[in-house]
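Asks: Can you keep this structure in mind? I'll have questions shortly.
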Amino acid sequence: MNQQFAPLTNPFQSFWMGGYECTDQLNAFGNRVDLINTTGHLEFLDHDYKALSPFNIGTVREGIRWSFVERRPYHYDWTVVESMIKKGQQYGIQQVWDICHFGFPDDLTPLHPMFARRFAHLCRAFVILYRSIVPTGNLIVTPINEVSFLSWLGGDARGTSPFCVGLGWEVKYRLMKAYIEGIRAMKEVDPSIRILTTEPLVNMVTPLNPTRRDLKYAYSANENQFQSLDILAGRMCPELGGSLSLLDLIGFNFYYNNQWIIKTENFLPWFNEENDPRWRPLSSLLAMAYNRYKRPIVITETSHSQEHRPNWIEYIGNEICKTIQTGIPLFGVCLYPIIDRPDWDFPEKWHGAGLWDLQIINGQGRERQLYEPYGMELNRVQKQVMDAARLSMDKNYPMLEEYAA
């Protein structure tokens with residue numbers, strides 16, 4: 001059946017979302033991190049969900065922590081995940097689930113010959129579990145978070161498993177094989193499942209007065225950021241089984257340091273006080289991505305740190321309004337992390353990036369403390385975005401290309 005307009009059905013409970021840091025990867029030193037516990041989210045789950053209401057947040061991103069769920073191949077301990085699902089139901093919070101947020105079981109890497117099979121089996125088991133608790137309603141899943149970044153971190157930068165150099169493409173290929181097989185396994189159990197991709201949205205620019213080689217390198221680098229989505233859509237590596245029917249909700253992660261000069265470690269200043277023409281507004285990058293795939297867009301991660309948090313959400317709000325006013329179907333924005341997080345490799349360092357900071361009281365405990373300047377600006381931006389949406393209500397979304405769920 002032709003379901004051309006299916007992607008325009010917004011499955012999210014709220015436009016504003018909160019993301020809880022849930023990575024369980026091996027860090028650069030080979031140590032397992034567990035940020036869902038380090039941030040105290042499991043301990044303070046009731047508090048964390050109750051605290052969302054004043055900020056109009058009814059949807060959150062959570063993760064199952066693969067390495068904790070599957071300690072032995074094909075044997076799953078869903079105890080914690082089950083309790084989290086039930087808490088979501090108790091508080092009326094919609095949970096969007098990451099199956100793999102950078103971490104794998106100890107005996108597995110993306111280069112393992114059984115990686116895709118193990119992952120697909122896990123995906124199927126998760127959907128069966130979820131539907132045994134919540135039989136109806138939208139189930140939105142991100143199979144693997146940030147394939148582009150993860151393949152670079154583990155395949156080229158030795159920052160996580162499999163700790164390689166020069167194997168970024170091979171890791172990406174294997175991750176996408178698992179991604180596609182995981183989607184198909186989930187849809188066999190529940191054809192209504194919605195898939196939310198979460199990839200970095202970046203802009204790599206040349207130095208001033210670039211050479212022809214610089215221009216060619218920057219163009220190629222910017223194109224390569226879309227390889228994972230192109231594979232999912234069947235535009236690349238068709239042998240993996242990608243298809244346009246697998247493209248559903250296209251999520252992009254965008255931070256203040258997502259634009260940089262090629263072959264250097266120099267970032268373009270996001271405030272762009274000097275009006276550098278190489279800086280591209282987020283609304284422009286989102287339009288580029290939408291025109292490439294013609295799918296609804298979600299900003300799946302965004303934040304800044306410390307005192308810059310209010311300024312950043314002001315910037316994001318302005319870009320959201322611009323995007324809405326063009327008629328692009330922008331379905332939501334996720335504040336990530338909504339609770340402050342520590343660094344993966346140096347856990348004593350906290351980023352100061354959340355809507356809530358964590359205060360250690362008398363050397364123990366993890367008391368939440370709202371960063372009020374961020375909260376006040378967020379409330380103002382939410383009203384600004386709502387007003388922009390009302391003004392755009394009479395506009396029709398651009399026609400989407402033919403879509404089969």
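Residues in the structure tokens are named by chain (A, B, ... in the order shown) and by number from 1 within that chain; ligands are numbered from 1 in the order shown.
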Just list the residues in region 125-245 of chain A DSSP gives helix (DSSP H, G or I) on the backbone, as JSON, numbers by chain.
Replies: {"A": [125, 126, 127, 128, 129, 130, 131, 132, 133, 147, 148, 149, 150, 151, 152, 153, 154, 155, 168, 169, 170, 171, 172, 173, 174, 175, 176, 177, 178, 179, 180, 181, 182, 183, 184, 185, 186, 187, 188, 189, 212, 213, 214, 215, 216, 217, 218, 219, 220, 221, 222, 223, 224, 227, 228, 229, 230, 231, 232, 238, 239, 240, 244, 245]}
Asks: Take the residues just selected and output them with C-alpha atoms as a PDB file, in the first residue's frame.
Replies:
ATOM      1  CA  ALA A 125      14.180  -9.764  22.109  1.00  0.00           C
ATOM      2  CA  PHE A 126      13.841  -6.122  23.165  1.00  0.00           C
ATOM      3  CA  VAL A 127      10.705  -5.532  21.105  1.00  0.00           C
ATOM      4  CA  ILE A 128       9.143  -8.725  22.469  1.00  0.00           C
ATOM      5  CA  LEU A 129       9.907  -7.535  26.009  1.00  0.00           C
ATOM      6  CA  TYR A 130       8.580  -4.024  25.396  1.00  0.00           C
ATOM      7  CA  ARG A 131       5.339  -5.186  23.817  1.00  0.00           C
ATOM      8  CA  SER A 132       4.777  -7.615  26.687  1.00  0.00           C
ATOM      9  CA  ILE A 133       4.644  -4.549  28.972  1.00  0.00           C
ATOM     10  CA  VAL A 147      27.362   5.154  13.554  1.00  0.00           C
ATOM     11  CA  SER A 148      29.527   7.779  11.849  1.00  0.00           C
ATOM     12  CA  PHE A 149      31.140   8.880  15.097  1.00  0.00           C
ATOM     13  CA  LEU A 150      31.393   5.395  16.585  1.00  0.00           C
ATOM     14  CA  SER A 151      33.120   4.001  13.499  1.00  0.00           C
ATOM     15  CA  TRP A 152      35.668   6.814  13.632  1.00  0.00           C
ATOM     16  CA  LEU A 153      36.184   6.536  17.400  1.00  0.00           C
ATOM     17  CA  GLY A 154      36.724   2.770  17.368  1.00  0.00           C
ATOM     18  CA  GLY A 155      38.022   2.274  13.847  1.00  0.00           C
ATOM     19  CA  GLY A 168      36.902   3.239  10.135  1.00  0.00           C
ATOM     20  CA  TRP A 169      35.129   2.242   6.931  1.00  0.00           C
ATOM     21  CA  GLU A 170      35.200  -1.449   7.810  1.00  0.00           C
ATOM     22  CA  VAL A 171      33.731  -0.747  11.252  1.00  0.00           C
ATOM     23  CA  LYS A 172      31.037   1.471   9.701  1.00  0.00           C
ATOM     24  CA  TYR A 173      30.167  -1.217   7.150  1.00  0.00           C
ATOM     25  CA  ARG A 174      29.787  -3.851   9.873  1.00  0.00           C
ATOM     26  CA  LEU A 175      27.767  -1.534  12.106  1.00  0.00           C
ATOM     27  CA  MET A 176      25.375  -0.750   9.257  1.00  0.00           C
ATOM     28  CA  LYS A 177      24.985  -4.431   8.443  1.00  0.00           C
ATOM     29  CA  ALA A 178      23.882  -4.949  12.050  1.00  0.00           C
ATOM     30  CA  TYR A 179      21.713  -1.823  11.942  1.00  0.00           C
ATOM     31  CA  ILE A 180      19.747  -3.028   8.916  1.00  0.00           C
ATOM     32  CA  GLU A 181      19.395  -6.593  10.184  1.00  0.00           C
ATOM     33  CA  GLY A 182      18.287  -5.215  13.552  1.00  0.00           C
ATOM     34  CA  ILE A 183      15.540  -3.100  11.975  1.00  0.00           C
ATOM     35  CA  ARG A 184      14.245  -6.030   9.957  1.00  0.00           C
ATOM     36  CA  ALA A 185      14.226  -8.270  13.035  1.00  0.00           C
ATOM     37  CA  MET A 186      12.236  -5.686  15.007  1.00  0.00           C
ATOM     38  CA  LYS A 187       9.734  -5.125  12.206  1.00  0.00           C
ATOM     39  CA  GLU A 188       9.071  -8.871  12.002  1.00  0.00           C
ATOM     40  CA  VAL A 189       7.841  -8.658  15.600  1.00  0.00           C
ATOM     41  CA  ARG A 212      41.844  23.134  -5.189  1.00  0.00           C
ATOM     42  CA  ARG A 213      42.942  20.130  -3.139  1.00  0.00           C
ATOM     43  CA  ASP A 214      41.479  21.725   0.000  1.00  0.00           C
ATOM     44  CA  LEU A 215      38.143  22.284  -1.733  1.00  0.00           C
ATOM     45  CA  LYS A 216      38.027  18.702  -2.983  1.00  0.00           C
ATOM     46  CA  TYR A 217      38.932  17.307   0.446  1.00  0.00           C
ATOM     47  CA  ALA A 218      36.270  19.384   2.244  1.00  0.00           C
ATOM     48  CA  TYR A 219      33.574  18.406  -0.252  1.00  0.00           C
ATOM     49  CA  SER A 220      34.402  14.717   0.131  1.00  0.00           C
ATOM     50  CA  ALA A 221      34.505  14.952   3.927  1.00  0.00           C
ATOM     51  CA  ASN A 222      31.093  16.631   4.077  1.00  0.00           C
ATOM     52  CA  GLU A 223      29.593  14.036   1.735  1.00  0.00           C
ATOM     53  CA  ASN A 224      31.024  11.185   3.798  1.00  0.00           C
ATOM     54  CA  GLN A 227      27.417   7.434   4.343  1.00  0.00           C
ATOM     55  CA  SER A 228      25.513   5.680   7.136  1.00  0.00           C
ATOM     56  CA  LEU A 229      22.178   7.116   6.037  1.00  0.00           C
ATOM     57  CA  ASP A 230      22.955   6.414   2.384  1.00  0.00           C
ATOM     58  CA  ILE A 231      23.669   2.781   3.267  1.00  0.00           C
ATOM     59  CA  LEU A 232      20.411   2.583   5.238  1.00  0.00           C
ATOM     60  CA  PRO A 238      23.006  -2.348  -1.635  1.00  0.00           C
ATOM     61  CA  GLU A 239      24.228  -5.838  -0.735  1.00  0.00           C
ATOM     62  CA  LEU A 240      23.511  -4.959   2.917  1.00  0.00           C
ATOM     63  CA  LEU A 244      14.226   3.831   1.286  1.00  0.00           C
ATOM     64  CA  SER A 245      11.521   2.051   3.259  1.00  0.00           C
TER      65      SER A 245
END
Asks: Region 76-263 of chain A: which residues are strand (DSSP E or B) by DSSP, as a PyMOL selection string?
Replies: chain A and resi 94-100+140-144+194-200+203-205+249-253+259-261
Asks: Of the candidates A:Lys87, A:Arg341, A:Arg380, A:His121, which one gets nearest to Trp66 (chain A) if we count only C-alpha atoms?
Replies: A:His121
Asks: Provide the CA of Val165 (chain A) to CA of Asp106 (chain A) distance in Å, to one decimal place.
Replies: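 Atom-to-atom, CA of Val165 (chain A) to CA of Asp106 (chain A), that is 20.0 Å.
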Asks: Which residue gives the smallest distance to Arg61 (chain A) among A:Cys123, A:Met236, A:Leu285, A:Met17, with only C-alpha atoms counted?
Replies: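 Closest to Arg61 (chain A) of all the choices is A:Met17.
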Asks: Could you work out how far CA of Tyr20 (chain A) lies from CA of His41 (chain A), giving the answer in Å with one decimal?
Replies: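 Straight-line distance from CA of His41 (chain A) to CA of Tyr20 (chain A) works out to 7.6 Å.
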Asks: Which one is closest to Leu282 (chain A): A:Gly317, A:Gly352, A:Pro296, A:Pro73? Count only C-alpha atoms.
Replies: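 Checking each candidate against Leu282 (chain A), we get A:Gly317 as the closest.
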Asks: From the options A:Val60, A:Met288, A:Ile85, A:Cys100, which residue's atoms come nearest to Thr300 (chain A), counting only C-alpha atoms?
Replies: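 The shortest atom-to-atom distance to Thr300 (chain A) comes from A:Val60.
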Asks: Which polymer residues have any atom within 9 Å of an atom of Gln384 (chain A), counting only C-alpha atoms, with same-chain residues fewer than 4 positions away left out, as a ChimeraX atom specification?
Replies: /A:317-318,321,379-380,388-389
Asks: Given only C-alpha atoms as the basis, pick out the residue of A:Pro207, A:Gly19, A:Asp24, A:Glu62 nearest to Ile299 (chain A).
Replies: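 Result for the nearest residue to Ile299 (chain A): A:Gly19.
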Asks: Given only C-alpha atoms as the basis, pick out the residue of A:Pro11, A:Met114, A:Ile36, A:Ser161 nearest to Gln95 (chain A).
Replies: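 Closest to Gln95 (chain A) of all the choices is A:Pro11.
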Asks: Could you list, as a list in words, every residue within 9 Å of Gly375 (chain A), counting only C-alpha atoms and ignoring same-chain residues fewer than 5 positions away?
Replies: Phe55, Pro310, Leu355, Trp356, Leu370 and Arg380 of chain A
Asks: Next, the residues of the selection above should be written as a short mmCIF file (atom, residue, chain, number, x, y, z; two decimals), in the first residue's frame with N, CA and C atoms.
Replies:
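Output file part18.cif follows:
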data_model
loop_
_atom_site.label_atom_id
_atom_site.label_comp_id
_atom_site.auth_asym_id
_atom_site.auth_seq_id
_atom_site.Cartn_x
_atom_site.Cartn_y
_atom_site.Cartn_z
N PHE A 55 9.01 21.93 32.10
CA PHE A 55 9.70 22.27 30.85
C PHE A 55 9.05 21.62 29.63
N PRO A 310 22.59 29.01 28.40
CA PRO A 310 21.46 29.86 27.98
C PRO A 310 21.65 30.45 26.59
N LEU A 355 20.61 20.46 31.92
CA LEU A 355 19.63 21.37 32.49
C LEU A 355 19.74 21.31 34.01
N TRP A 356 20.11 20.12 34.51
CA TRP A 356 20.41 19.94 35.92
C TRP A 356 21.88 19.57 36.09
N LEU A 370 18.97 22.45 39.50
CA LEU A 370 18.59 23.10 38.26
C LEU A 370 19.53 24.28 37.99
N ARG A 380 11.55 30.55 27.87
CA ARG A 380 11.31 31.65 26.93
C ARG A 380 11.37 31.15 25.49
#
